[in-house]
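Peer 1: So that we are looking at the same thing, I have put the structure below in structure tokens.
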Amino acid sequence: MIKEKHALILGFLFLLFAGCGTGRMTLEERLATLDAAGIKEIKADSVFKSAYELMITQPVDHNAPEGPKFHQQVFLSYVGPEAPVVVITEGYSARRNYTSELASLLKCNQIIIEHRYFDESTPDSIDWKYLTTWQAATDQHRIIEMFKPLFRGKWITAGISKGGQTVMFHSYYYPDDVDVRVPYVGPLNFGPEDSRMKEFLENVGTTECREKVFSFQQLALKKSDILYPMLEKLSQEKHWTFERVGGMKKAYEMTVLEYEFAFWQWGASCDEIPLNGSDDEIFSYLAKTGDFSYFEDHSIKYYEPFFYQAMTEIGYYGYQFDRFKGLLHYAADDGKPEFIFSAPQNVELEYNYEFAKQVDDYLKTKARHFIFIYGENDPWSASAAVIDGNKECIKVVREGGAHSTRIKTLSDEQKSLVLNKLEEWLNVDLSYIK
């Protein structure tokens with residue numbers, strides 16, 4: 001009799017823990033167990049049944065889990081325990097809840113994770129040495145592990161631009177966390193000024209369009225005595241300052257240099273370049289496409305965490321100053337990475353050149369179930385992931401596409417390929433959208 005009771009108890013415990021391990025926990029039960037500073041129900045999009053904003057408690061240093069903590073903003077949008085889960089690995093702030101392209105396509109659950117050191121997810125005391133790809137990936141790993149008991153469907157990570165990089169890095173460190181990975185327009189840079197950008201910009205688009213872009217840059221520099229006072233007036237109206245970059249005149253020239261990259265990144269039209277426009281038209285176009293605010297002090301402060309990573313692990317790009325001899329009077333190549341002024345000041349910045357090579361090797365040899373999406377004319381495709389002969393991954397490049405390339409903007413053939421892989425790897429039926 002005692003043995004029978006013992007067996008019944010063991011059987012009950014087995015079922016209990018087996019149930020938890022296969023996603024038997026309810027949403028309310030899971031939320032109640034989380035180590036969070038706050039859990040707030042928020043308005044859900046029509047795709048979802050409910051949505052929540054959470055502030056998950058995380059170690060600043062995952063190697064010292066009992067040490068200082070910070071709270072990481074997470075948005076959970078819930079469909080049900082059987083549906084897949086798409087995890088959006090933001091590279092920056094989350095700021096708000098939204099419905100991603102994949103959540104809309106798959107009608108699935110969604111978790112948005114704000115990146116550490118941005119906005120709501122910033123420690124009270126910032127120690128920059130803990131802003132690494134491994135620490136961020138471990139944030140994401142912990143959150144995925146927290147929610148796995150709630151869901152029985154497949155898991156996907158997805159992200160755009162730096163969020164796409166974050167997808168790659170998370171999978172590199174934690175390859176078994178999810179079933180499918182979809183990095184949109186995510187570069188894998190090989191240095192703080194990746195040299196591949198130069199060759200790309202020399203060949204992107206048509207010769208005629210490249211020449212018009214260059215001619216506009218020359219025009220804007222030649223007319224700086226007329227256009228610069230317009231920037232002074234605009235800066236007064238918007239309360240802009242440009243101390244970090246080295247002054248407003250340098251910011252003007254830097255914006256002219258940035259214009260080329262921004263033009264191709266955002267898919268601007270060659271037909272709209274105002275080479276014969278009025279001074280007002282030229283200035284307005286430069287302000288809209290080049291974006292003076294990129295070099296403004298408040299903007300730089302916001303992007304400091306990004307540029308710390310760019311100058312230590314994830315890389316960026318630089319400018320070709322020698323093309324503008326005699327036209328530049330404030331912006332110049334001083335031998336340092338061009339955007340080092342945007343990184344935190346008085347902080348040691350040592351670039352790890354081995355990291356991207358290790359991720360590159362992982363993507364070519366061990367990575368599974370990646371769907372890489374790029375735009376052909378986006379300069380970030382110069383440093384796109386290379387999968388070589390890895391048949392467990394696919395890479396889709398939209399012809400003429402820019403940084404705004406998404407699944408919905410792909411050609412019919414490319415879209416079909418992506419949807420077929422999602423069906424195969426997630427074991428779902430997507431015939432209703434094909």
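Quick note on naming: the chains in the structure tokens go A, B, ... in the order shown, residues restart at 1 in each chain, and ligands are numbered from 1 in order of appearance.
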Identify, on the basis of only C-alpha atoms, every residue whose closest approach to Phe75 (chain A) does not exceed 8 Å; exclude the query and any residue fewer than 5 positions from it along the same chain; express the result as a ChimeraX atom specification.
Peer 2: /A:51-54,97,110-113
Peer 1: Name the residues in contact with region 132-149 of chain A at a cut-off of 8 Å, using only C-alpha atoms, excluding same-chain residues fewer than 2 positions from it; report them as a count of residues only.
Peer 2: 27
Peer 1: Need to verify the contact set: region 199-208 of chain A, 7 Å, only C-alpha atoms, exclusion of same-chain residues closer than 6 positions in sequence. Can you return it as number ranges by chain?
Peer 2: A: 377, 379, 382
Peer 1: Contacts of Phe355 (chain A) at 10 Å or less, counting only C-alpha atoms, minus same-chain residues fewer than 4 places along, as a PyMOL selection string?
Peer 2: chain A and resi 133+169+189-191+312-314+351+359-360
Peer 1: Do you have the CA of Val47 (chain A)-CA of Lys162 (chain A) distance handy?
Peer 2: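 Pair CA of Val47 (chain A) / CA of Lys162 (chain A) returns 25.7 Å.
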Peer 1: Using only C-alpha atoms, which residue out of A:Val245, A:Leu422, A:Ala220, A:Ile42 lies closest to Asp179 (chain A)?
Peer 2: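 Among A:Val245, A:Leu422, A:Ala220, A:Ile42, it is A:Leu422 that comes nearest to Asp179 (chain A).
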Peer 1: Do you know which residues are at most 12 Å from Phe295 (chain A) counting only C-alpha atoms, after dropping those on the same chain fewer than 3 positions away, and could you put them as a CSV table (one decimal) with N, CA and C atoms, in the first residue's frame?
Peer 2:
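Writing done, so here's selection-v3.csv:
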chain,number,residue,atom,x,y,z
A,235,SER,N,18.8,75.8,-36.2
A,235,SER,CA,19.3,75.4,-34.9
A,235,SER,C,18.7,76.2,-33.8
A,240,TRP,N,19.1,73.4,-31.1
A,240,TRP,CA,20.2,72.4,-31.4
A,240,TRP,C,21.5,73.0,-31.0
A,241,THR,N,22.4,72.1,-30.5
A,241,THR,CA,23.8,72.5,-30.3
A,241,THR,C,24.7,71.4,-30.9
A,242,PHE,N,25.9,71.8,-31.2
A,242,PHE,CA,26.8,70.8,-31.9
A,242,PHE,C,28.2,70.8,-31.3
A,243,GLU,N,28.3,70.8,-30.0
A,243,GLU,CA,29.6,70.8,-29.4
A,243,GLU,C,30.4,69.5,-29.6
A,244,ARG,N,29.7,68.4,-29.4
A,244,ARG,CA,30.4,67.1,-29.5
A,244,ARG,C,31.1,66.8,-30.8
A,245,VAL,N,30.4,67.2,-31.9
A,245,VAL,CA,31.0,66.9,-33.2
A,245,VAL,C,32.2,67.9,-33.5
A,246,GLY,N,32.2,69.0,-32.8
A,246,GLY,CA,33.3,70.0,-33.1
A,246,GLY,C,32.8,71.3,-33.6
A,247,GLY,N,31.5,71.6,-33.4
A,247,GLY,CA,30.9,72.9,-33.8
A,247,GLY,C,30.0,72.8,-35.0
A,248,MET,N,29.2,73.8,-35.1
A,248,MET,CA,28.1,73.8,-36.1
A,248,MET,C,28.7,73.8,-37.6
A,249,LYS,N,29.8,74.4,-37.8
A,249,LYS,CA,30.3,74.4,-39.2
A,249,LYS,C,30.8,73.0,-39.6
A,250,LYS,N,31.4,72.4,-38.6
A,250,LYS,CA,31.8,71.0,-38.9
A,250,LYS,C,30.6,70.1,-39.1
A,251,ALA,N,29.6,70.3,-38.3
A,251,ALA,CA,28.3,69.5,-38.4
A,251,ALA,C,27.7,69.7,-39.8
A,252,TYR,N,27.8,70.9,-40.3
A,252,TYR,CA,27.3,71.2,-41.7
A,252,TYR,C,28.0,70.3,-42.7
A,253,GLU,N,29.3,70.3,-42.6
A,253,GLU,CA,30.1,69.5,-43.6
A,253,GLU,C,29.9,68.0,-43.4
A,254,MET,N,29.8,67.6,-42.1
A,254,MET,CA,29.6,66.2,-41.8
A,254,MET,C,28.2,65.7,-42.4
A,255,THR,N,27.2,66.6,-42.4
A,255,THR,CA,25.9,66.3,-42.9
A,255,THR,C,26.0,66.1,-44.4
A,256,VAL,N,26.8,67.0,-45.1
A,256,VAL,CA,27.0,66.8,-46.5
A,256,VAL,C,27.7,65.5,-46.8
A,257,LEU,N,28.6,65.1,-46.0
A,257,LEU,CA,29.3,63.8,-46.2
A,257,LEU,C,28.3,62.6,-46.0
A,258,GLU,N,27.5,62.8,-44.9
A,258,GLU,CA,26.5,61.7,-44.6
A,258,GLU,C,25.5,61.6,-45.6
A,287,ALA,N,18.7,69.1,-45.5
A,287,ALA,CA,18.2,68.9,-44.1
A,287,ALA,C,17.3,67.6,-44.0
A,290,GLY,N,20.0,64.4,-45.6
A,290,GLY,CA,21.3,64.3,-44.8
A,290,GLY,C,21.1,64.2,-43.3
A,291,ASP,N,20.1,65.1,-42.9
A,291,ASP,CA,19.7,65.1,-41.5
A,291,ASP,C,20.7,65.7,-40.6
A,292,PHE,N,20.7,67.0,-40.4
A,292,PHE,CA,21.6,67.7,-39.5
A,292,PHE,C,21.5,67.2,-38.0
A,298,HIS,N,22.0,66.4,-28.4
A,298,HIS,CA,21.0,65.5,-27.8
A,298,HIS,C,20.9,64.2,-28.5
A,299,SER,N,20.9,64.2,-29.8
A,299,SER,CA,20.9,63.0,-30.6
A,299,SER,C,22.1,62.1,-30.3
A,300,ILE,N,23.2,62.7,-30.3
A,300,ILE,CA,24.5,62.0,-29.9
A,300,ILE,C,24.3,61.3,-28.6
A,301,LYS,N,23.8,62.0,-27.6
A,301,LYS,CA,23.7,61.5,-26.3
A,301,LYS,C,22.8,60.3,-26.3
A,302,TYR,N,21.7,60.3,-27.0
A,302,TYR,CA,20.8,59.2,-27.1
A,302,TYR,C,21.5,58.0,-27.7
A,303,TYR,N,22.3,58.2,-28.8
A,303,TYR,CA,22.9,57.1,-29.5
A,303,TYR,C,24.3,56.7,-28.9
A,304,GLU,N,24.7,57.2,-27.7
A,304,GLU,CA,25.9,56.8,-27.1
A,304,GLU,C,26.1,55.3,-26.9
A,339,PHE,N,33.4,58.3,-36.2
A,339,PHE,CA,32.3,58.5,-35.3
A,339,PHE,C,32.7,58.3,-33.8
A,341,PHE,N,33.6,60.5,-31.8
A,341,PHE,CA,33.0,61.6,-31.0
A,341,PHE,C,31.6,61.3,-30.5
A,342,SER,N,30.9,60.3,-31.1
A,342,SER,CA,29.6,59.9,-30.7
A,342,SER,C,29.6,58.9,-29.6
Peer 1: So that I can check the surroundings of region 399-405 of chain A, please list as a list in words every protein, DNA and RNA residue that reaches within 10 Å of it, counting only C-alpha atoms and ignoring chain neighbours fewer than 3 positions away.
Peer 2: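 Counting only C-alpha atoms, the residues come to Ile160, Ser161, Tyr184, Val185, Gly186, Val204, Gly205, Ala262, Phe263, Trp264, Gln265, Trp266, Gly267, Ala268, Ile373, Tyr374, Gly375, Glu376, Asn377, Asp378, Pro379, Trp380, Ser381, Val396, Lys408, Thr409, Leu410 and Ser411 of chain A.
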Peer 1: One number please: CA of Arg95 (chain A) to CA of Glu260 (chain A), in Å, one decimal.
Peer 2: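 Going from CA of Arg95 (chain A) over to CA of Glu260 (chain A), I get 29.0 Å.
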Peer 1: To test your reading of the structure, identify every residue in region 171-224 of chain A that backbone DSSP assigns to helix (DSSP H, G or I), and report it as a VMD selection string.
Peer 2: chain A and resid 171 to 173 196 to 201 207 to 222 224
Peer 1: Go ahead and save the picked residues with C-alpha atoms, as a PDB file, in the first residue's frame.
Peer 2:
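The result, stored in selection-v7.pdb:
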ATOM      1  CA  SER A 171      22.049  33.031 -31.896  1.00  0.00           C
ATOM      2  CA  TYR A 172      25.851  32.937 -31.940  1.00  0.00           C
ATOM      3  CA  TYR A 173      25.925  32.783 -28.132  1.00  0.00           C
ATOM      4  CA  ARG A 196      33.700  47.497 -47.788  1.00  0.00           C
ATOM      5  CA  MET A 197      31.421  50.554 -47.714  1.00  0.00           C
ATOM      6  CA  LYS A 198      33.794  52.509 -49.988  1.00  0.00           C
ATOM      7  CA  GLU A 199      33.692  49.953 -52.811  1.00  0.00           C
ATOM      8  CA  PHE A 200      29.940  49.586 -52.420  1.00  0.00           C
ATOM      9  CA  LEU A 201      29.262  53.308 -52.736  1.00  0.00           C
ATOM     10  CA  THR A 207      26.654  55.867 -62.841  1.00  0.00           C
ATOM     11  CA  GLU A 208      24.328  58.774 -63.615  1.00  0.00           C
ATOM     12  CA  CYS A 209      22.705  58.652 -60.177  1.00  0.00           C
ATOM     13  CA  ARG A 210      26.034  58.355 -58.325  1.00  0.00           C
ATOM     14  CA  GLU A 211      27.305  61.389 -60.222  1.00  0.00           C
ATOM     15  CA  LYS A 212      24.199  63.397 -59.293  1.00  0.00           C
ATOM     16  CA  VAL A 213      24.656  62.499 -55.631  1.00  0.00           C
ATOM     17  CA  PHE A 214      28.304  63.602 -55.749  1.00  0.00           C
ATOM     18  CA  SER A 215      27.430  66.778 -57.647  1.00  0.00           C
ATOM     19  CA  PHE A 216      24.885  67.677 -54.988  1.00  0.00           C
ATOM     20  CA  GLN A 217      27.481  67.218 -52.253  1.00  0.00           C
ATOM     21  CA  GLN A 218      29.887  69.484 -54.142  1.00  0.00           C
ATOM     22  CA  LEU A 219      27.143  72.059 -54.657  1.00  0.00           C
ATOM     23  CA  ALA A 220      26.187  72.073 -50.973  1.00  0.00           C
ATOM     24  CA  LEU A 221      29.820  72.620 -49.948  1.00  0.00           C
ATOM     25  CA  LYS A 222      30.407  75.356 -52.548  1.00  0.00           C
ATOM     26  CA  SER A 224      28.036  76.754 -47.665  1.00  0.00           C
TER      27      SER A 224
END
Peer 1: So which residues touch Ser284 (chain A) within 10 Å, counting only C-alpha atoms, skipping near sequence neighbours fewer than 5 positions away, as a VMD selection string?
Peer 2: chain A and resid 227 230 to 231 274 278 to 279 289 to 291
Peer 1: Among region 84-130 of chain A, which ones does DSSP assign to strand (DSSP E or B) (computed from the backbone)? Answer as a list in words.
Peer 2: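 Taking region 84-130 of chain A and keeping strand (DSSP E or B) only, one gets Val85, Val86, Val87, Ile88, Thr89, Asn109, Gln110, Ile111, Ile112 and Ile113 of chain A.
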Peer 1: Can you write just those residues out, N, CA and C atoms, as a PDB file, in the first residue's frame?
Peer 2:
ATOM      1  N   VAL A  85       5.980  32.016 -31.209  1.00  0.00           N
ATOM      2  CA  VAL A  85       6.368  33.242 -30.503  1.00  0.00           C
ATOM      3  C   VAL A  85       7.483  33.917 -31.295  1.00  0.00           C
ATOM      4  N   VAL A  86       7.267  35.168 -31.678  1.00  0.00           N
ATOM      5  CA  VAL A  86       8.330  35.936 -32.312  1.00  0.00           C
ATOM      6  C   VAL A  86       8.890  36.898 -31.280  1.00  0.00           C
ATOM      7  N   VAL A  87      10.204  36.835 -31.100  1.00  0.00           N
ATOM      8  CA  VAL A  87      10.909  37.698 -30.151  1.00  0.00           C
ATOM      9  C   VAL A  87      11.636  38.776 -30.947  1.00  0.00           C
ATOM     10  N   ILE A  88      11.239  40.029 -30.733  1.00  0.00           N
ATOM     11  CA  ILE A  88      11.877  41.152 -31.412  1.00  0.00           C
ATOM     12  C   ILE A  88      13.035  41.633 -30.555  1.00  0.00           C
ATOM     13  N   THR A  89      14.242  41.410 -31.039  1.00  0.00           N
ATOM     14  CA  THR A  89      15.444  41.835 -30.307  1.00  0.00           C
ATOM     15  C   THR A  89      15.809  43.240 -30.764  1.00  0.00           C
ATOM     16  N   ASN A 109       2.152  34.976 -31.025  1.00  0.00           N
ATOM     17  CA  ASN A 109       2.576  35.735 -29.858  1.00  0.00           C
ATOM     18  C   ASN A 109       3.816  36.567 -30.186  1.00  0.00           C
ATOM     19  N   GLN A 110       4.007  37.625 -29.419  1.00  0.00           N
ATOM     20  CA  GLN A 110       5.153  38.495 -29.674  1.00  0.00           C
ATOM     21  C   GLN A 110       5.744  39.012 -28.365  1.00  0.00           C
ATOM     22  N   ILE A 111       7.075  39.012 -28.303  1.00  0.00           N
ATOM     23  CA  ILE A 111       7.804  39.599 -27.174  1.00  0.00           C
ATOM     24  C   ILE A 111       8.800  40.605 -27.743  1.00  0.00           C
ATOM     25  N   ILE A 112       8.707  41.851 -27.316  1.00  0.00           N
ATOM     26  CA  ILE A 112       9.654  42.886 -27.721  1.00  0.00           C
ATOM     27  C   ILE A 112      10.585  43.164 -26.545  1.00  0.00           C
ATOM     28  N   ILE A 113      11.888  43.089 -26.790  1.00  0.00           N
ATOM     29  CA  ILE A 113      12.879  43.302 -25.731  1.00  0.00           C
ATOM     30  C   ILE A 113      13.697  44.543 -26.050  1.00  0.00           C
TER      31      ILE A 113
END
